[in-house]
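So the structure is just underneath, and the comments pick up after that.
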Amino acid sequence: MNRFSRYSFSVVGGLLRCHHVKSSRECQCRGVGRRSYTTPLTDPENKGAHSRGTNFDTLGAWDNRLDLPLQLEQSIKLGRPIPRIAFENIGYASVIGRREYQEDRVKIAEIGPDLLYCGVFDGHGGSIAADYISDFLEDHIAFWMKKEDDLRKVLRNSFIEVNNAFSRHLYFRNLDKKRPDFNGGTTATVCLLKDSVDLLVCHVGDSRAILCRGGKAQRLTIDHEPELQGEKTRIVNAGGHITFNSLGIASVNGRLAMTRSIGDVELKRFGVTAEPHVKGMEIKHGGDAFMVLLTDGITYVMNDQEIIDIICSCTDPKEAANLITDQALQFGSEDNSSAIVVPFGAWGKYSSTAYNVPYSFGRNILGKRYH
């Protein structure tokens, strides 16, 4: 039997209410949309010790500790409670680490009605490309949204066009130079969240997006590395070549450790492309706790599940973003580290017991450092 068949919905006072229809026990979903439900006798949504002590009802509603308001129109449309994820709910952090310069950039904005935009950009060869893309990519997205209803096409066109615009920017910037510099480039991992439900992730390079679903890490991006067969074939067919350094790290023409990027103008003729990968999915707020966007200063020293477990140990997304960048430093990262943590309906559901966060002197001395 469908687990929703025992319940019916109505909207009362701006809240989505559930009316108990047929059950022998007390209704567990009283007061959906506010923090006033009763503790159930059983808790079928909890699965294992990682969720013990946190009560979730059978509707997939949540006690997420963030007081997220109800997205009323989407809740009625989909027949289940949908929280409204807003700009102020998102946590982000960016640290220079052991590098001399900060080449990472992060961007968060609301670029339309119930349309949230987040992006991380990891520059190389200087910060010029990351600066340009973080400043202007959302303008390209807004422009293409006026011409296209399909957000996949909007993102693809925006990536291609902002790459072309950046190439022209570099050309005019170098007109008066005897030795033109066209080496700047950047990764770009961007997400659009529509109506707090429809998620699109678009990316080039090796910055990463990871979803926490059911307490487990689900990677939403592909690291565009020269060792991937499809990427390698494209580079070789375009006249480029793949080389390896003394550490066994592959690169294109001995210069770039990724096969897709924005910028890197001189390598575009050798198959390095700005054509992005786009992935779409529906957020299931009953089981999806958060999404995190990261640069490789973090992913180089931690695997996906370690990152998820660390974030699950935090009380809010702002603390999580600061803690994950701090842990990257403790684990030996020598690169800039940046993270954006976007909470969903199941935030706080999967409190991690599998991972003990290492001692941080700064965190313990400055108790509110991460808030």
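The way I read the labels, and the way they are meant: chains A, B, ... in the order of the structure tokens, residue 1 as the first residue of every chain, and ligand 1 as the first ligand shown, with later ones counted on from there.
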
Residues within 7 Å of segment 203-214 of chain A, only C-alpha atoms, excluding chain neighbours under 3 positions, as a PyMOL selection string: chain A and resi 187-190+217-221+223-224+258-261+274+276-278+287-296+308

All alpha helix (DSSP H) residues (DSSP, backbone) inside segment 139-328 of chain A, as a ChimeraX atom specification: /A:139-145,151-173,229-237,296-299,304-312,317-328

Proximity to Ile133 of chain A - best of A:Asn157, A:Ser75, A:Asn163, A:Thr325, only C-alpha atoms: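 Comparing A:Asn157, A:Ser75, A:Asn163, A:Thr325 against Ile133 of chain A, the winner is A:Asn163.
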
DSSP strand (DSSP E or B) residues within segment 29-241 of chain A, as an MDAnalysis selection string: chainID A and resid 70 83 91:95 104:112 115:124 185:186 188:194 198:204 208:213 216:219

Gap from atom CA of Gly348 of chain A to atom CA of Cys312 of chain A - Å, one decimal: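 Distance between the two atoms: 6.8 Å.
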
Which of A:Ala130, A:Val197, A:Val272, A:Leu151 sits closest to Ile85 of chain A [using only C-alpha atoms]: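 Among the listed residues, the smallest separation from Ile85 of chain A belongs to A:Val197.
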
Separation of atom CA of Leu199 of chain A from atom CA of Gly280 of chain A in Å: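 Going from atom CA of Gly280 of chain A over to atom CA of Leu199 of chain A covers 5.7 Å.
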
Atom CA of Gln327 of chain A to atom CA of Val341 of chain A, distance in Å rounded to a single decimal: 15.0 Å

Pick from A:Glu138, A:Glu231, A:Asp195, A:Asp316, whichever lies nearest to Val342 of chain A using only C-alpha atoms: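 The shortest atom-to-atom distance to Val342 of chain A comes from A:Asp316.
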
Gly297 of chain A surroundings by only C-alpha atoms, 7 Å radius, close-in-sequence under 6 positions cut, as a list in words: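 Surrounding residues, per the criterion: Ser333, Asp335, Asn336 and Ser337 of chain A.
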
Put those residues in a file: C-alpha atoms, as a PDB file, in the first residue's frame.
ATOM      1  CA  SER A 333      45.784  20.399   1.541  1.00  0.00           C
ATOM      2  CA  ASP A 335      45.584  24.467  -2.357  1.00  0.00           C
ATOM      3  CA  ASN A 336      42.868  27.074  -1.956  1.00  0.00           C
ATOM      4  CA  SER A 337      39.754  25.413  -0.517  1.00  0.00           C
TER       5      SER A 337
END
